[in-house]
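To keep things clear, I will list the structure first and then write my remarks on it.
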Amino acid sequence: MWNQRTPVLTNKRTITSLLLLTLLAIAFGLIAQPTQKKGAAGSVLVADKGKLNILLDGKSVGREEFEIVPSGGNWLAKGSTSITPAQGASSNITGSLTLQPGGAPLTYDWTAQTEKTNGAHVVFANGVAKMTLQMQGAHSFEQDLTFGSPFIVVLDNNLYHQYAVLARVYDWSRRGSQNFSVLIPQELTPGTLSVEAVGSATFDGKSFEGLKVQTSDLELTLYLDNSHRLMRIEVPSAKVSVIRE
């Protein structure tokens with residue numbers, strides 16, 4: 001969510017720029033809510049599957065398909081995004097995130113295809129993200145990123161379903177402002193963010209609960225249904241919205 005190279009998804013600025021990358025804006029129609037399956041007792045995660053329309057200044061520039069499902073004793077959140085900006089090269093991004101029942105990441109794999117194909121495998125343990133990065137035409141290399149807290153959320157470029165995971169790990173019973181360590185793997189960017197419930201908002205005559213996500217230089221809002229499913233993301237300063245189809 002962040003670079004001027006294309007209106008969507010690659011800013012090498014900072015984690016805030018990242019979060020900004022490609023959220024877009026326009027009205028949307030909601031589909032009927034499917035029955036939600038819950039995983040093992042004690043899990044904060046809920047099974048979900050859907051499609052997201054990515055808009056920039058009211059114009060669709062891409063779509064994402066995603067699924068969040070139980071996987072053994074853990075969970076798997078995976079998605080695939082196709083971006084076709086008005087200018088610049090098209091790109092396809094995939095991500096597969098394995099999570100503990102409490103929402104903490106265990107492993108993450110991503111690939112990004114533009115003119116070249118890049119990818120990485122990340123293993124999380126004890127507040128450290130061990131990343132093996134592969135760039136097309138180059139040798140793979142490893143990098144360790146250390147965080148102040150062992151609990152890390154993953155919010156990667158153009159994979160917006162990962163905000164659905166963030167909405168689940170937020171402690172709704174406690175509410176208030178809550179801080180998280182965050183990693184944007186495609187940018188090799190660690191950082192922190194704060195998340196806070198901000199009450200209800202109405203779109204197209206339907207009411208949603210807002211969850212504000214903020215870094216030192218970026219603010220965006222997640223809009224959730226009454227079961228805390230992610231329905232919409234808005235970044236007004238970037239004229240970006242991501243809308244559930």
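Simple scheme: letters A, B, ... for chains in structure tokens order, numbers from 1 for residues in each chain, numbers from 1 for ligands in the order shown.
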Tell me, counting only C-alpha atoms, for each residue of segment 69-184 of chain A within 8 Å of segment 227-235 of chain A, which pair of atoms is nearest and how far apart they are in Å to one decimal, in rows ordered by chain and increasing number, as a Markdown table.
```
| residue | atom | partner | partner_atom | distance |
| --- | --- | --- | --- | --- |
| A:His161 | CA | A:Leu230 | CA | 7.9 |
| A:Tyr163 | CA | A:Leu230 | CA | 7.5 |
| A:Ala164 | CA | A:Leu230 | CA | 5.3 |
| A:Ala167 | CA | A:His228 | CA | 7.0 |
| A:Arg168 | CA | A:His228 | CA | 7.4 |
```
Take the residues just selected and output them with N, CA and C atoms as a PDB file, in the first residue's frame.
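Result file out-v2.pdb:
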```
ATOM      1  N   HIS A 161      -7.026  -9.527   2.860  1.00  0.00           N
ATOM      2  CA  HIS A 161      -7.695 -10.435   3.781  1.00  0.00           C
ATOM      3  C   HIS A 161      -6.943 -10.540   5.100  1.00  0.00           C
ATOM      4  N   TYR A 163      -6.135  -8.190   6.919  1.00  0.00           N
ATOM      5  CA  TYR A 163      -6.787  -7.279   7.863  1.00  0.00           C
ATOM      6  C   TYR A 163      -7.950  -7.965   8.568  1.00  0.00           C
ATOM      7  N   ALA A 164      -8.525  -8.986   7.923  1.00  0.00           N
ATOM      8  CA  ALA A 164      -9.577  -9.759   8.579  1.00  0.00           C
ATOM      9  C   ALA A 164      -9.018 -10.498   9.793  1.00  0.00           C
ATOM     10  N   ALA A 167      -8.581  -7.983  12.604  1.00  0.00           N
ATOM     11  CA  ALA A 167      -9.857  -7.697  13.268  1.00  0.00           C
ATOM     12  C   ALA A 167     -10.226  -8.786  14.272  1.00  0.00           C
ATOM     13  N   ARG A 168      -9.709 -10.005  14.077  1.00  0.00           N
ATOM     14  CA  ARG A 168      -9.990 -11.107  15.004  1.00  0.00           C
ATOM     15  C   ARG A 168      -9.059 -11.095  16.210  1.00  0.00           C
TER      16      ARG A 168
END
```
(message) So that I can check the surroundings of Val182 of chain A, please list as a VMD selection string every protein, DNA and RNA residue that reaches within 6 Å of it, counting only C-alpha atoms and ignoring chain neighbours fewer than 6 positions away.
(response) chain A and resid 152 to 154 190 to 192
Nearest to Gln143 of chain A, restricted to only C-alpha atoms and choosing among A:Pro185, A:Gly88, A:Pro101, A:Pro236, comes out as A:Pro185
Check your understanding: Expressed in Å to a single decimal, how great is the separation between atom CA of Arg174 of chain A and atom CA of Ser194 of chain A?
Key ->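 Between atom CA of Arg174 of chain A and atom CA of Ser194 of chain A the gap is 14.1 Å.
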Practice problem: Would you please give, as a VMD selection string, all residues of segment 52-189 of chain A that DSSP assigns to strand (DSSP E or B) based on the backbone? | Solution: chain A and resid 52 to 56 59 to 71 74 to 83 91 to 99 105 to 113 117 to 125 128 to 135 141 to 146 152 to 154 178 to 184 189
Just C-alpha atoms for this one: save the residues we selected as a JSON list (two decimals), in the first residue's frame.
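Saved the output as again25.json:
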```json
[["chain", "number", "residue", "atom", "x", "y", "z"],
["A", 52, "LEU", "CA", -12.51, -8.20, -2.52],
["A", 53, "ASN", "CA", -12.73, -5.44, -5.12],
["A", 54, "ILE", "CA", -9.77, -3.04, -4.98],
["A", 55, "LEU", "CA", -10.54, 0.52, -6.05],
["A", 56, "LEU", "CA", -8.42, 3.60, -6.49],
["A", 59, "LYS", "CA", -12.03, 2.83, -10.22],
["A", 60, "SER", "CA", -11.39, -0.88, -9.89],
["A", 61, "VAL", "CA", -7.71, -1.76, -10.29],
["A", 62, "GLY", "CA", -7.75, -5.32, -9.00],
["A", 63, "ARG", "CA", -9.43, -8.14, -7.14],
["A", 64, "GLU", "CA", -8.48, -10.56, -4.42],
["A", 65, "GLU", "CA", -9.84, -14.00, -3.58],
["A", 66, "PHE", "CA", -9.15, -15.34, -0.11],
["A", 67, "GLU", "CA", -9.92, -18.10, 2.34],
["A", 68, "ILE", "CA", -9.36, -18.48, 6.09],
["A", 69, "VAL", "CA", -9.76, -22.08, 7.28],
["A", 70, "PRO", "CA", -8.74, -24.44, 10.10],
["A", 71, "SER", "CA", -5.67, -26.49, 9.24],
["A", 74, "ASN", "CA", -3.72, -24.34, 13.45],
["A", 75, "TRP", "CA", -5.24, -22.01, 10.84],
["A", 76, "LEU", "CA", -4.43, -21.07, 7.26],
["A", 77, "ALA", "CA", -5.15, -17.64, 5.75],
["A", 78, "LYS", "CA", -4.42, -17.56, 2.03],
["A", 79, "GLY", "CA", -5.20, -15.17, -0.77],
["A", 80, "SER", "CA", -4.42, -14.28, -4.37],
["A", 81, "THR", "CA", -4.58, -10.75, -5.80],
["A", 82, "SER", "CA", -4.46, -9.57, -9.41],
["A", 83, "ILE", "CA", -3.65, -5.90, -9.94],
["A", 91, "SER", "CA", 1.00, -7.98, -11.08],
["A", 92, "ASN", "CA", -0.18, -11.10, -9.28],
["A", 93, "ILE", "CA", 0.47, -11.63, -5.58],
["A", 94, "THR", "CA", -0.20, -14.72, -3.51],
["A", 95, "GLY", "CA", 0.21, -15.25, 0.22],
["A", 96, "SER", "CA", -0.21, -18.20, 2.56],
["A", 97, "LEU", "CA", -0.09, -17.53, 6.29],
["A", 98, "THR", "CA", -0.16, -20.29, 8.93],
["A", 99, "LEU", "CA", -1.44, -19.10, 12.28],
["A", 105, "PRO", "CA", 1.88, -16.28, 12.83],
["A", 106, "LEU", "CA", 3.90, -19.47, 12.46],
["A", 107, "THR", "CA", 4.99, -19.36, 8.80],
["A", 108, "TYR", "CA", 4.32, -17.18, 5.77],
["A", 109, "ASP", "CA", 4.98, -17.68, 2.06],
["A", 110, "TRP", "CA", 4.45, -15.09, -0.66],
["A", 111, "THR", "CA", 5.13, -14.71, -4.36],
["A", 112, "ALA", "CA", 4.83, -11.59, -6.52],
["A", 113, "GLN", "CA", 4.82, -11.79, -10.31],
["A", 117, "THR", "CA", 8.94, -13.36, -9.98],
["A", 118, "ASN", "CA", 10.00, -12.84, -6.39],
["A", 119, "GLY", "CA", 9.07, -14.73, -3.28],
["A", 120, "ALA", "CA", 9.95, -15.55, 0.30],
["A", 121, "HIS", "CA", 9.43, -18.01, 3.11],
["A", 122, "VAL", "CA", 9.20, -16.64, 6.67],
["A", 123, "VAL", "CA", 9.31, -18.53, 9.96],
["A", 124, "PHE", "CA", 8.23, -16.79, 13.18],
["A", 125, "ALA", "CA", 9.53, -17.74, 16.63],
["A", 128, "VAL", "CA", 12.00, -13.09, 15.40],
["A", 129, "ALA", "CA", 10.98, -13.43, 11.76],
["A", 130, "LYS", "CA", 13.51, -15.53, 9.83],
["A", 131, "MET", "CA", 13.05, -14.74, 6.14],
["A", 132, "THR", "CA", 14.50, -16.50, 3.09],
["A", 133, "LEU", "CA", 14.03, -14.26, 0.06],
["A", 134, "GLN", "CA", 14.31, -15.40, -3.55],
["A", 135, "MET", "CA", 14.67, -12.83, -6.34],
["A", 141, "PHE", "CA", 19.43, -14.62, 0.85],
["A", 142, "GLU", "CA", 18.34, -14.74, 4.47],
["A", 143, "GLN", "CA", 17.46, -11.98, 6.87],
["A", 144, "ASP", "CA", 16.31, -11.99, 10.49],
["A", 145, "LEU", "CA", 13.95, -9.27, 11.72],
["A", 146, "THR", "CA", 13.56, -8.85, 15.49],
["A", 152, "ILE", "CA", 3.36, -10.14, 15.36],
["A", 153, "VAL", "CA", 0.66, -9.45, 12.80],
["A", 154, "VAL", "CA", 1.39, -9.85, 9.09],
["A", 178, "GLN", "CA", -4.27, -1.86, 21.43],
["A", 179, "ASN", "CA", -0.73, -2.00, 20.02],
["A", 180, "PHE", "CA", 0.76, -4.72, 17.81],
["A", 181, "SER", "CA", 4.10, -5.46, 16.22],
["A", 182, "VAL", "CA", 3.65, -5.73, 12.45],
["A", 183, "LEU", "CA", 5.60, -7.09, 9.50],
["A", 184, "ILE", "CA", 5.14, -6.19, 5.83],
["A", 189, "THR", "CA", 9.52, -3.69, 6.98]]
```
re atom CA of Asp171 of chain A and atom CA of Asp204 of chain A: distance 27.7 Å
* Length of the atom CA of Ser90 of chain A to atom CA of Leu218 of chain A vector [Å] ->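 One can read the atom CA of Ser90 of chain A to atom CA of Leu218 of chain A distance as 25.5 Å.
Secondary structure by DSSP on the backbone puts the following residues of segment 5-225 of chain A in helix (DSSP H, G or I): Ile15, Thr16, Ser17, Leu18, Leu19, Gln162, Tyr163, Ala164, Val165, Leu166, Ala167, Arg168, Val169, Pro185, Gln186 and Glu187 of chain A.
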Kindly save the residues from that selection, with C-alpha atoms included, as a compact mmCIF listing (two decimals), in the first residue's frame.
```txt
# COMPACT_ATOMS: atom_id res chain seq x y z
CA ILE A 15 5.05 0.47 7.30
CA THR A 16 2.52 3.25 7.16
CA SER A 17 3.07 3.75 3.52
CA LEU A 18 2.58 0.08 3.25
CA LEU A 19 -0.74 -0.02 4.89
CA GLN A 162 -4.91 -10.22 6.34
CA TYR A 163 -6.79 -7.28 7.86
CA ALA A 164 -9.58 -9.76 8.58
CA VAL A 165 -7.10 -11.62 10.81
CA LEU A 166 -6.16 -8.34 12.52
CA ALA A 167 -9.86 -7.70 13.27
CA ARG A 168 -9.99 -11.11 15.00
CA VAL A 169 -6.88 -10.72 17.15
CA PRO A 185 7.14 -9.05 4.26
CA GLN A 186 7.36 -7.74 0.67
CA GLU A 187 8.93 -4.56 2.03
```
May I have the residues within 7 Å of Ser200 of chain A as a list in words, using only C-alpha atoms and disregarding those fewer than 5 positions away in the same chain?
->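 Everything that qualifies: Ser207, Phe208, Glu209 and Gly210 of chain A.
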Would you mind exporting the chosen residues as a PDB file, in the first residue's frame, restricted to C-alpha atoms?
```pdb
ATOM      1  CA  SER A 207     -24.537  -0.435   9.670  1.00  0.00           C
ATOM      2  CA  PHE A 208     -20.974  -1.609  10.294  1.00  0.00           C
ATOM      3  CA  GLU A 209     -18.550  -1.440  13.186  1.00  0.00           C
ATOM      4  CA  GLY A 210     -15.398   0.579  12.589  1.00  0.00           C
TER       5      GLY A 210
END
```
